[in-house]
file run_8.csv (CSV, N, CA and C atoms)
chain,number,residue,atom,x,y,z
A,1,SER,N,-41.3,-57.1,83.1
A,1,SER,CA,-41.5,-56.1,82.0
A,1,SER,C,-40.3,-56.1,81.1
A,2,SER,N,-40.5,-56.6,79.9
A,2,SER,CA,-39.4,-56.7,78.9
A,2,SER,C,-39.3,-55.4,78.2
A,3,VAL,N,-38.1,-54.9,78.1
A,3,VAL,CA,-37.9,-53.6,77.4
A,3,VAL,C,-37.3,-53.9,76.1
A,4,GLY,N,-38.1,-53.7,75.0
A,4,GLY,CA,-37.6,-54.0,73.7
A,4,GLY,C,-37.2,-52.7,73.0
A,5,PRO,N,-36.9,-52.7,71.8
A,5,PRO,CA,-36.4,-51.5,71.1
A,5,PRO,C,-37.5,-50.5,71.1
A,6,VAL,N,-37.1,-49.2,71.2
A,6,VAL,CA,-38.1,-48.2,71.3
A,6,VAL,C,-38.6,-47.9,69.8
A,7,LEU,N,-39.9,-48.0,69.6
A,7,LEU,CA,-40.4,-47.8,68.3
A,7,LEU,C,-40.5,-46.3,68.0
A,8,ARG,N,-40.0,-45.9,66.9
A,8,ARG,CA,-40.0,-44.5,66.6
A,8,ARG,C,-41.0,-44.3,65.5
A,9,GLY,N,-41.9,-43.3,65.7
A,9,GLY,CA,-42.9,-43.0,64.7
A,9,GLY,C,-42.4,-42.1,63.7
A,10,ARG,N,-43.3,-41.5,63.0
A,10,ARG,CA,-43.0,-40.6,61.9
A,10,ARG,C,-42.4,-39.3,62.5
A,11,PRO,N,-41.3,-38.8,62.0
A,11,PRO,CA,-40.7,-37.5,62.6
A,11,PRO,C,-41.6,-36.4,62.4
A,12,VAL,N,-41.6,-35.5,63.4
A,12,VAL,CA,-42.5,-34.3,63.4
A,12,VAL,C,-42.1,-33.4,62.3
A,13,SER,N,-40.8,-33.3,62.0
A,13,SER,CA,-40.4,-32.4,61.0
A,13,SER,C,-40.8,-32.9,59.6
A,14,GLY,N,-41.1,-34.1,59.4
A,14,GLY,CA,-41.5,-34.7,58.1
A,14,GLY,C,-40.3,-35.2,57.3
A,15,ARG,N,-39.1,-35.1,57.9
A,15,ARG,CA,-37.9,-35.6,57.1
A,15,ARG,C,-37.8,-37.1,57.4
A,16,THR,N,-38.5,-37.9,56.6
A,16,THR,CA,-38.5,-39.3,56.8
A,16,THR,C,-37.2,-40.0,56.3
A,17,TRP,N,-36.5,-39.3,55.4
A,17,TRP,CA,-35.3,-39.9,54.9
A,17,TRP,C,-34.1,-39.8,55.8
A,18,LYS,N,-34.2,-39.0,56.9
A,18,LYS,CA,-33.2,-38.9,57.9
A,18,LYS,C,-33.1,-40.1,58.8
A,19,GLY,N,-31.9,-40.7,58.9
A,19,GLY,CA,-31.8,-41.8,59.8
A,19,GLY,C,-31.7,-41.4,61.3
A,20,VAL,N,-31.8,-42.4,62.1
A,20,VAL,CA,-31.7,-42.2,63.6
A,20,VAL,C,-30.2,-42.1,63.9
A,21,GLN,N,-29.9,-41.1,64.7
A,21,GLN,CA,-28.5,-40.8,65.1
A,21,GLN,C,-28.0,-41.9,66.0
A,22,ALA,N,-27.0,-42.7,65.6
A,22,ALA,CA,-26.5,-43.8,66.4
A,22,ALA,C,-25.6,-43.2,67.5
A,23,THR,N,-24.6,-42.4,67.1
A,23,THR,CA,-23.7,-41.8,68.1
A,23,THR,C,-23.6,-40.3,67.8
A,24,ARG,N,-23.1,-39.6,68.8
A,24,ARG,CA,-22.9,-38.2,68.6
A,24,ARG,C,-21.7,-38.0,67.6
A,25,ALA,N,-21.8,-37.0,66.8
A,25,ALA,CA,-20.8,-36.7,65.8
A,25,ALA,C,-19.5,-36.4,66.5
A,26,SER,N,-19.5,-35.7,67.7
A,26,SER,CA,-18.3,-35.3,68.4
A,26,SER,C,-17.6,-36.6,68.9
A,27,ALA,N,-18.3,-37.7,69.1
A,27,ALA,CA,-17.7,-38.9,69.6
A,27,ALA,C,-17.0,-39.7,68.5
A,28,THR,N,-17.4,-39.4,67.2
A,28,THR,CA,-16.7,-40.1,66.1
A,28,THR,C,-15.3,-39.6,65.8
A,29,ASN,N,-15.1,-38.3,66.2
A,29,ASN,CA,-13.8,-37.7,65.9
A,29,ASN,C,-12.7,-38.2,66.9
A,30,PRO,N,-11.6,-38.6,66.4
A,30,PRO,CA,-10.5,-39.0,67.3
A,30,PRO,C,-10.1,-37.9,68.2
A,31,SER,N,-9.8,-38.2,69.5
A,31,SER,CA,-9.4,-37.1,70.4
A,31,SER,C,-8.0,-36.6,70.0
A,32,VAL,N,-7.8,-35.3,70.2
A,32,VAL,CA,-6.6,-34.6,69.8
A,32,VAL,C,-5.5,-35.0,70.8
A,33,THR,N,-4.4,-35.5,70.3
A,33,THR,CA,-3.3,-35.8,71.2
A,33,THR,C,-2.6,-34.6,71.6
A,34,THR,N,-2.4,-34.4,72.9
A,34,THR,CA,-1.7,-33.2,73.4
A,34,THR,C,-0.2,-33.5,73.6
A,35,THR,N,0.6,-32.5,73.4
A,35,THR,CA,2.0,-32.6,73.6
A,35,THR,C,2.4,-32.2,75.0
A,36,THR,N,3.4,-32.7,75.5
A,36,THR,CA,3.9,-32.5,76.8
A,36,THR,C,4.5,-31.1,76.9
A,37,TRP,N,4.6,-30.5,78.1
A,37,TRP,CA,5.2,-29.2,78.2
A,37,TRP,C,6.7,-29.2,77.8
A,38,ALA,N,7.4,-30.3,78.1
A,38,ALA,CA,8.8,-30.4,77.7
A,38,ALA,C,8.9,-30.4,76.2
A,39,ALA,N,8.0,-31.1,75.5
A,39,ALA,CA,8.1,-31.1,74.0
A,39,ALA,C,7.9,-29.7,73.5
A,40,LYS,N,6.9,-29.0,74.1
A,40,LYS,CA,6.6,-27.7,73.6
A,40,LYS,C,7.8,-26.8,73.8
A,41,ALA,N,8.5,-26.9,75.0
A,41,ALA,CA,9.6,-26.1,75.3
A,41,ALA,C,10.8,-26.4,74.3
A,42,ASP,N,11.0,-27.7,74.0
A,42,ASP,CA,12.0,-28.1,73.1
A,42,ASP,C,11.7,-27.5,71.7
A,43,ALA,N,10.5,-27.5,71.3
A,43,ALA,CA,10.1,-27.0,70.0
A,43,ALA,C,10.3,-25.5,69.9
A,44,ARG,N,10.0,-24.8,71.0
A,44,ARG,CA,10.2,-23.3,71.1
A,44,ARG,C,11.7,-23.0,71.0
A,45,LYS,N,12.5,-23.7,71.7
A,45,LYS,CA,14.0,-23.5,71.7
A,45,LYS,C,14.5,-23.7,70.3
A,46,GLN,N,14.0,-24.8,69.6
A,46,GLN,CA,14.4,-25.1,68.3
A,46,GLN,C,14.1,-23.9,67.3
A,47,ARG,N,12.8,-23.4,67.5
A,47,ARG,CA,12.4,-22.2,66.7
A,47,ARG,C,13.3,-21.0,66.9
A,48,GLU,N,13.6,-20.8,68.2
A,48,GLU,CA,14.5,-19.6,68.5
A,48,GLU,C,15.9,-19.8,67.9
A,49,VAL,N,16.4,-21.0,67.9
A,49,VAL,CA,17.7,-21.2,67.2
A,49,VAL,C,17.6,-20.9,65.7
A,50,VAL,N,16.6,-21.4,65.1
A,50,VAL,CA,16.4,-21.3,63.7
A,50,VAL,C,16.3,-19.8,63.4
A,51,LYS,N,15.5,-19.1,64.2
A,51,LYS,CA,15.3,-17.6,64.0
A,51,LYS,C,16.6,-16.9,64.1
A,52,ALA,N,17.4,-17.2,65.1
A,52,ALA,CA,18.7,-16.6,65.3
A,52,ALA,C,19.6,-16.8,64.0
A,53,GLN,N,19.6,-18.0,63.5
A,53,GLN,CA,20.4,-18.3,62.3
A,53,GLN,C,19.9,-17.5,61.1
A,54,GLU,N,18.6,-17.4,61.0
A,54,GLU,CA,18.0,-16.7,59.9
A,54,GLU,C,18.4,-15.2,60.0
A,55,ALA,N,18.4,-14.7,61.2
A,55,ALA,CA,18.7,-13.3,61.4
A,55,ALA,C,20.2,-13.0,61.1
A,56,ALA,N,21.0,-14.0,61.5
A,56,ALA,CA,22.5,-13.9,61.2
A,56,ALA,C,22.7,-13.9,59.7
A,57,LEU,N,22.0,-14.8,59.0
A,57,LEU,CA,22.2,-14.9,57.5
A,57,LEU,C,21.7,-13.6,56.8
A,58,LEU,N,20.6,-13.0,57.3
A,58,LEU,CA,20.1,-11.8,56.8
A,58,LEU,C,21.0,-10.6,57.0
A,59,GLU,N,21.6,-10.6,58.2
A,59,GLU,CA,22.6,-9.5,58.5
A,59,GLU,C,23.8,-9.6,57.6
A,60,GLN,N,24.3,-10.9,57.4
A,60,GLN,CA,25.4,-11.1,56.5
A,60,GLN,C,25.1,-10.6,55.1
A,61,ARG,N,23.9,-10.9,54.6
A,61,ARG,CA,23.4,-10.5,53.3
A,61,ARG,C,23.4,-9.0,53.2
A,62,LYS,N,22.8,-8.4,54.2
A,62,LYS,CA,22.7,-6.9,54.2
A,62,LYS,C,24.1,-6.3,54.1
A,63,LEU,N,25.0,-6.8,54.9
A,63,LEU,CA,26.4,-6.3,54.9
A,63,LEU,C,27.0,-6.5,53.5
A,64,ARG,N,26.8,-7.6,52.9
A,64,ARG,CA,27.4,-7.9,51.6
A,64,ARG,C,26.8,-7.0,50.6
A,65,LEU,N,25.5,-6.7,50.6
A,65,LEU,CA,24.9,-5.8,49.6
A,65,LEU,C,25.4,-4.4,49.8
A,66,ALA,N,25.5,-4.0,51.1
A,66,ALA,CA,26.0,-2.6,51.4
A,66,ALA,C,27.4,-2.4,50.9
A,67,ASP,N,28.2,-3.5,51.1
A,67,ASP,CA,29.6,-3.4,50.6
A,67,ASP,C,29.7,-3.3,49.1
A,68,ALA,N,28.8,-4.1,48.4
A,68,ALA,CA,28.8,-4.1,47.0
A,68,ALA,C,28.3,-2.7,46.5
A,69,LYS,N,27.4,-2.1,47.2
A,69,LYS,CA,26.9,-0.8,46.8
A,69,LYS,C,27.9,0.2,46.9
A,70,ARG,N,28.7,0.2,48.0
A,70,ARG,CA,29.8,1.1,48.3
A,70,ARG,C,30.8,1.0,47.2
A,71,ARG,N,31.2,-0.2,46.8
A,71,ARG,CA,32.2,-0.4,45.8
A,71,ARG,C,31.7,0.1,44.4
A,72,ARG,N,30.4,-0.1,44.1
A,72,ARG,CA,29.8,0.4,42.9
A,72,ARG,C,29.9,1.9,42.8
A,73,GLU,N,29.6,2.5,44.0
A,73,GLU,CA,29.6,4.0,44.0
A,73,GLU,C,31.0,4.5,43.8
A,74,GLU,N,32.0,3.9,44.5
A,74,GLU,CA,33.4,4.3,44.4
A,74,GLU,C,33.9,4.1,42.9
A,75,LYS,N,33.5,3.0,42.3
A,75,LYS,CA,33.9,2.7,40.9
A,75,LYS,C,33.3,3.8,40.0
A,76,ARG,N,32.0,4.1,40.2
A,76,ARG,CA,31.3,5.1,39.4
A,76,ARG,C,32.0,6.5,39.5
A,77,ALA,N,32.4,6.9,40.8
A,77,ALA,CA,33.0,8.1,41.0
A,77,ALA,C,34.4,8.2,40.4
A,78,ARG,N,35.1,7.0,40.5
A,78,ARG,CA,36.5,6.9,39.9
A,78,ARG,C,36.4,7.1,38.4
A,79,LYS,N,35.4,6.4,37.8
A,79,LYS,CA,35.2,6.4,36.4
A,79,LYS,C,34.9,7.8,35.9
A,80,GLN,N,34.0,8.5,36.6
A,80,GLN,CA,33.7,9.9,36.3
A,80,GLN,C,34.9,10.8,36.3
A,81,ARG,N,35.7,10.6,37.4
A,81,ARG,CA,36.9,11.5,37.5
A,81,ARG,C,37.8,11.2,36.4
A,82,ASN,N,38.1,9.9,36.0
A,82,ASN,CA,39.0,9.6,34.9
A,82,ASN,C,38.4,10.1,33.6
A,83,GLU,N,37.1,10.0,33.4
A,83,GLU,CA,36.5,10.5,32.2
A,83,GLU,C,36.7,12.0,32.1
A,84,LEU,N,36.6,12.7,33.2
A,84,LEU,CA,36.7,14.1,33.2
A,84,LEU,C,38.2,14.5,32.9
A,85,LYS,N,39.1,13.7,33.4
A,85,LYS,CA,40.6,14.0,33.2
A,85,LYS,C,40.9,13.8,31.7
A,86,SER,N,40.4,12.8,31.1
A,86,SER,CA,40.8,12.5,29.7
A,86,SER,C,39.9,13.1,28.7
A,87,ALA,N,38.9,13.9,29.1
A,87,ALA,CA,38.1,14.5,28.1
A,87,ALA,C,38.7,15.7,27.4
A,88,SER,N,38.3,15.9,26.2
A,88,SER,CA,38.8,17.1,25.5
A,88,SER,C,37.6,18.0,25.2
A,89,TYR,N,37.7,19.3,25.4
A,89,TYR,CA,36.6,20.2,25.3
A,89,TYR,C,36.7,21.1,24.1
A,90,GLN,N,35.6,21.6,23.7
A,90,GLN,CA,35.5,22.7,22.7
A,90,GLN,C,34.6,23.7,23.4
A,91,VAL,N,35.2,24.8,23.9
A,91,VAL,CA,34.5,25.8,24.6
A,91,VAL,C,33.7,26.7,23.7
A,92,ILE,N,32.4,26.8,24.0
A,92,ILE,CA,31.5,27.6,23.2
A,92,ILE,C,31.4,29.0,23.9
A,93,THR,N,31.9,30.0,23.2
A,93,THR,CA,31.9,31.3,23.9
A,93,THR,C,30.7,32.2,23.3
A,94,ASN,N,30.4,31.9,22.0
A,94,ASN,CA,29.3,32.6,21.4
A,94,ASN,C,27.9,32.0,21.7
A,95,GLU,N,27.0,32.7,22.4
A,95,GLU,CA,25.8,32.0,22.8
A,95,GLU,C,24.8,31.9,21.6
A,96,ARG,N,25.1,32.6,20.5
A,96,ARG,CA,24.3,32.4,19.3
A,96,ARG,C,24.4,31.0,18.7
A,97,THR,N,25.6,30.4,18.9
A,97,THR,CA,25.9,29.1,18.4
A,97,THR,C,24.9,28.1,19.1
A,98,VAL,N,24.8,28.2,20.4
A,98,VAL,CA,23.9,27.3,21.2
A,98,VAL,C,22.5,27.5,20.8
A,99,LYS,N,22.1,28.8,20.6
A,99,LYS,CA,20.7,29.0,20.3
A,99,LYS,C,20.3,28.5,18.9
A,100,SER,N,21.3,28.4,18.0
A,100,SER,CA,20.9,27.9,16.7
A,100,SER,C,21.1,26.4,16.5
A,101,MET,N,21.5,25.7,17.6
A,101,MET,CA,21.6,24.2,17.6
A,101,MET,C,20.3,23.5,17.6
A,102,SER,N,20.3,22.3,17.0
A,102,SER,CA,19.1,21.5,17.0
A,102,SER,C,19.1,20.8,18.4
A,103,LYS,N,17.9,20.1,18.6
A,103,LYS,CA,17.8,19.4,19.9
A,103,LYS,C,18.8,18.3,20.0
A,104,LYS,N,19.0,17.6,18.9
A,104,LYS,CA,20.0,16.5,18.8
A,104,LYS,C,21.4,17.0,19.2
A,105,GLN,N,21.8,18.2,18.6
A,105,GLN,CA,23.1,18.7,18.9
A,105,GLN,C,23.2,19.1,20.4
A,106,LEU,N,22.1,19.7,20.9
A,106,LEU,CA,22.1,20.2,22.3
A,106,LEU,C,22.3,19.0,23.3
A,107,ARG,N,21.9,17.8,22.9
A,107,ARG,CA,22.1,16.7,23.8
A,107,ARG,C,23.5,16.4,24.1
A,108,ALA,N,24.4,16.7,23.1
A,108,ALA,CA,25.8,16.5,23.2
A,108,ALA,C,26.5,17.6,24.0
A,109,VAL,N,25.9,18.7,24.2
A,109,VAL,CA,26.5,19.9,24.9
A,109,VAL,C,26.4,19.6,26.4
A,110,LYS,N,27.5,19.8,27.1
A,110,LYS,CA,27.6,19.6,28.5
A,110,LYS,C,28.2,20.9,29.1
A,111,ARG,N,27.9,21.1,30.4
A,111,ARG,CA,28.6,22.2,31.1
A,111,ARG,C,29.2,21.6,32.4
A,112,THR,N,30.1,22.3,32.9
A,112,THR,CA,30.7,21.9,34.2
A,112,THR,C,30.1,22.6,35.3
A,113,ARG,N,30.1,21.9,36.5
A,113,ARG,CA,29.6,22.5,37.7
A,113,ARG,C,30.3,21.8,38.9
A,114,MET,N,30.3,22.5,40.0
A,114,MET,CA,30.9,22.0,41.2
A,114,MET,C,29.9,21.1,42.0
A,115,SER,N,30.3,19.9,42.3
A,115,SER,CA,29.4,19.0,43.1
A,115,SER,C,29.4,19.4,44.5
A,116,ALA,N,28.6,18.8,45.3
A,116,ALA,CA,28.6,19.0,46.8
A,116,ALA,C,29.8,18.6,47.4
A,117,GLU,N,30.5,17.6,46.9
A,117,GLU,CA,31.8,17.1,47.4
A,117,GLU,C,33.0,18.0,47.0
A,118,GLY,N,32.7,19.0,46.2
A,118,GLY,CA,33.8,19.9,45.7
A,118,GLY,C,34.5,19.4,44.5
A,119,GLU,N,33.9,18.5,43.8
A,119,GLU,CA,34.5,18.0,42.5
A,119,GLU,C,33.8,18.6,41.3
A,120,ILE,N,34.6,18.8,40.3
A,120,ILE,CA,34.0,19.3,39.0
A,120,ILE,C,33.3,18.1,38.3
A,121,GLU,N,32.1,18.3,37.9
A,121,GLU,CA,31.4,17.3,37.1
A,121,GLU,C,30.7,17.9,35.9
A,122,LEU,N,30.6,17.0,34.9
A,122,LEU,CA,29.9,17.4,33.7
A,122,LEU,C,28.4,17.1,33.8
A,123,VAL,N,27.6,18.1,33.5
A,123,VAL,CA,26.1,17.9,33.5
A,123,VAL,C,25.5,18.4,32.2
A,124,ASP,N,24.3,18.0,32.0
A,124,ASP,CA,23.6,18.5,30.8
A,124,ASP,C,23.5,20.0,30.8
A,125,ALA,N,23.4,20.6,29.6
A,125,ALA,CA,23.4,22.0,29.4
A,125,ALA,C,22.3,22.7,30.2
A,126,TYR,N,21.1,22.0,30.3
A,126,TYR,CA,20.0,22.6,31.0
A,126,TYR,C,19.6,21.9,32.3
A,127,ALA,N,20.6,21.2,32.9
A,127,ALA,CA,20.4,20.6,34.2
A,127,ALA,C,20.2,21.6,35.2
A,128,PRO,N,19.3,21.3,36.2
A,128,PRO,CA,19.1,22.4,37.3
A,128,PRO,C,20.4,22.5,38.1
A,129,THR,N,20.6,23.7,38.6
A,129,THR,CA,21.8,24.0,39.3
A,129,THR,C,21.6,23.5,40.7
A,130,ALA,N,22.7,23.1,41.3
A,130,ALA,CA,22.7,22.5,42.7
A,130,ALA,C,22.4,23.6,43.7
A,131,GLY,N,21.6,23.3,44.7
A,131,GLY,CA,21.3,24.3,45.8
A,131,GLY,C,20.0,24.7,45.8
call {"tool": "encode", "arguments": {"input": "run_8.csv", "output": "structure tokens"}}
result
Amino acid sequence: SSVGPVLRGRPVSGRTWKGVQATRASATNPSVTTTTWAAKADARKQREVVKAQEAALLEQRKLRLADAKRRREEKRARKQRNELKSASYQVITNERTVKSMSKKQLRAVKRTRMSAEGEIELVDAYAPTAG
């Protein structure tokens, strides 16, 4: 009994343009190469080292920014104190003067108040009071 090629008739589905599947699709894909446990452990250690370095750099940046902010605040406070020392005032005792001022003139009017730190500061005439 000679076994020849199996004759295939017309497909039941009617899709005559479809060819016969020679090999399974999963067999055509190359197999995934697996890494060894030692290689995975090395990669994990490497990632941890990099993460530690990143964390150190972030911490340094945070400290640097905090220091810069502190210096800015000190400079602003020092500038405000010096401005207050060197300022010359014209005290307005008559409230009718303030009431008759235009908006533009009122922008220039300042009043003094005590800050939470116990320092005298200049604020806008209609600034809310602290507390």
call {"tool": "residues_around", "arguments": {"input": "run_8.csv", "residues": "Ala87 in chain A", "least_positions_apart": "4", "cutoff": "12 Å", "atoms": "only C-alpha atoms", "output": "list in words"}}
result
Lys79, Gln80, Arg81, Asn82, Glu83, Lys110, Glu121 and Leu122 of chain A
call {"tool": "write_last_selection", "arguments": {"input": "run_8.csv", "atoms": "N, CA and C atoms", "output": "PDB file, in the coordinates of the input"}}
result
ATOM      1  N   LYS A  79      35.400   6.400  37.800  1.00  0.00           N
ATOM      2  CA  LYS A  79      35.200   6.400  36.400  1.00  0.00           C
ATOM      3  C   LYS A  79      34.900   7.800  35.900  1.00  0.00           C
ATOM      4  N   GLN A  80      34.000   8.500  36.600  1.00  0.00           N
ATOM      5  CA  GLN A  80      33.700   9.900  36.300  1.00  0.00           C
ATOM      6  C   GLN A  80      34.900  10.800  36.300  1.00  0.00           C
ATOM      7  N   ARG A  81      35.700  10.600  37.400  1.00  0.00           N
ATOM      8  CA  ARG A  81      36.900  11.500  37.500  1.00  0.00           C
ATOM      9  C   ARG A  81      37.800  11.200  36.400  1.00  0.00           C
ATOM     10  N   ASN A  82      38.100   9.900  36.000  1.00  0.00           N
ATOM     11  CA  ASN A  82      39.000   9.600  34.900  1.00  0.00           C
ATOM     12  C   ASN A  82      38.400  10.100  33.600  1.00  0.00           C
ATOM     13  N   GLU A  83      37.100  10.000  33.400  1.00  0.00           N
ATOM     14  CA  GLU A  83      36.500  10.500  32.200  1.00  0.00           C
ATOM     15  C   GLU A  83      36.700  12.000  32.100  1.00  0.00           C
ATOM     16  N   LYS A 110      27.500  19.800  27.100  1.00  0.00           N
ATOM     17  CA  LYS A 110      27.600  19.600  28.500  1.00  0.00           C
ATOM     18  C   LYS A 110      28.200  20.900  29.100  1.00  0.00           C
ATOM     19  N   GLU A 121      32.100  18.300  37.900  1.00  0.00           N
ATOM     20  CA  GLU A 121      31.400  17.300  37.100  1.00  0.00           C
ATOM     21  C   GLU A 121      30.700  17.900  35.900  1.00  0.00           C
ATOM     22  N   LEU A 122      30.600  17.000  34.900  1.00  0.00           N
ATOM     23  CA  LEU A 122      29.900  17.400  33.700  1.00  0.00           C
ATOM     24  C   LEU A 122      28.400  17.100  33.800  1.00  0.00           C
TER      25      LEU A 122
END
call {"tool": "select_by_dssp", "arguments": {"input": "run_8.csv", "residues": "range 24-129 of chain A", "states": "helix (DSSP H, G or I)", "output": "PyMOL selection string"}}
result
chain A and resi 25-28+37-86+95-99+103-108
call {"tool": "atom_distance", "arguments": {"input": "run_8.csv", "atom1": "CA of Arg113 in chain A", "atom2": "CA of Leu84 in chain A"}}
result
11.9 Å
call {"tool": "residues_around", "arguments": {"input": "run_8.csv", "residues": "Val20 in chain A", "least_positions_apart": "2", "cutoff": "12 Å", "atoms": "only C-alpha atoms", "output": "PyMOL selection string"}}
result
chain A and resi 6-11+15-18+22-24
call {"tool": "select_by_dssp", "arguments": {"input": "run_8.csv", "residues": "chain A", "states": "strand (DSSP E)", "output": "ChimeraX atom specification"}}
result
/A:110-114,120-124
call {"tool": "build_atoms", "arguments": {"input": "run_8.csv", "residues": "range 65-80 of chain A", "atoms": "N, CA, C and O atoms", "output": "short mmCIF file (atom, residue, chain, number, x, y, z; two decimals), keeping the file's coordinate frame"}}
result
data_model
loop_
_atom_site.label_atom_id
_atom_site.label_comp_id
_atom_site.auth_asym_id
_atom_site.auth_seq_id
_atom_site.Cartn_x
_atom_site.Cartn_y
_atom_site.Cartn_z
N LEU A 65 25.50 -6.70 50.60
CA LEU A 65 24.90 -5.80 49.60
C LEU A 65 25.40 -4.40 49.80
O LEU A 65 25.61 -3.68 48.87
N ALA A 66 25.50 -4.00 51.10
CA ALA A 66 26.00 -2.60 51.40
C ALA A 66 27.40 -2.40 50.90
O ALA A 66 27.75 -1.38 50.32
N ASP A 67 28.20 -3.50 51.10
CA ASP A 67 29.60 -3.40 50.60
C ASP A 67 29.70 -3.30 49.10
O ASP A 67 30.44 -2.52 48.53
N ALA A 68 28.80 -4.10 48.40
CA ALA A 68 28.80 -4.10 47.00
C ALA A 68 28.30 -2.70 46.50
O ALA A 68 28.88 -2.19 45.48
N LYS A 69 27.40 -2.10 47.20
CA LYS A 69 26.90 -0.80 46.80
C LYS A 69 27.90 0.20 46.90
O LYS A 69 28.14 1.10 46.05
N ARG A 70 28.70 0.20 48.00
CA ARG A 70 29.80 1.10 48.30
C ARG A 70 30.80 1.00 47.20
O ARG A 70 31.29 2.01 46.65
N ARG A 71 31.20 -0.20 46.80
CA ARG A 71 32.20 -0.40 45.80
C ARG A 71 31.70 0.10 44.40
O ARG A 71 32.48 0.68 43.69
N ARG A 72 30.40 -0.10 44.10
CA ARG A 72 29.80 0.40 42.90
C ARG A 72 29.90 1.90 42.80
O ARG A 72 30.30 2.46 41.80
N GLU A 73 29.60 2.50 44.00
CA GLU A 73 29.60 4.00 44.00
C GLU A 73 31.00 4.50 43.80
O GLU A 73 31.29 5.48 43.10
N GLU A 74 32.00 3.90 44.50
CA GLU A 74 33.40 4.30 44.40
C GLU A 74 33.90 4.10 42.90
O GLU A 74 34.56 4.97 42.36
N LYS A 75 33.50 3.00 42.30
CA LYS A 75 33.90 2.70 40.90
C LYS A 75 33.30 3.80 40.00
O LYS A 75 33.95 4.31 39.08
N ARG A 76 32.00 4.10 40.20
CA ARG A 76 31.30 5.10 39.40
C ARG A 76 32.00 6.50 39.50
O ARG A 76 32.30 7.18 38.52
N ALA A 77 32.40 6.90 40.80
CA ALA A 77 33.00 8.10 41.00
C ALA A 77 34.40 8.20 40.40
O ALA A 77 34.80 9.16 39.72
N ARG A 78 35.10 7.00 40.50
CA ARG A 78 36.50 6.90 39.90
C ARG A 78 36.40 7.10 38.40
O ARG A 78 37.17 7.77 37.74
N LYS A 79 35.40 6.40 37.80
CA LYS A 79 35.20 6.40 36.40
C LYS A 79 34.90 7.80 35.90
O LYS A 79 35.43 8.27 34.85
N GLN A 80 34.00 8.50 36.60
CA GLN A 80 33.70 9.90 36.30
C GLN A 80 34.90 10.80 36.30
O GLN A 80 35.08 11.62 35.44
#
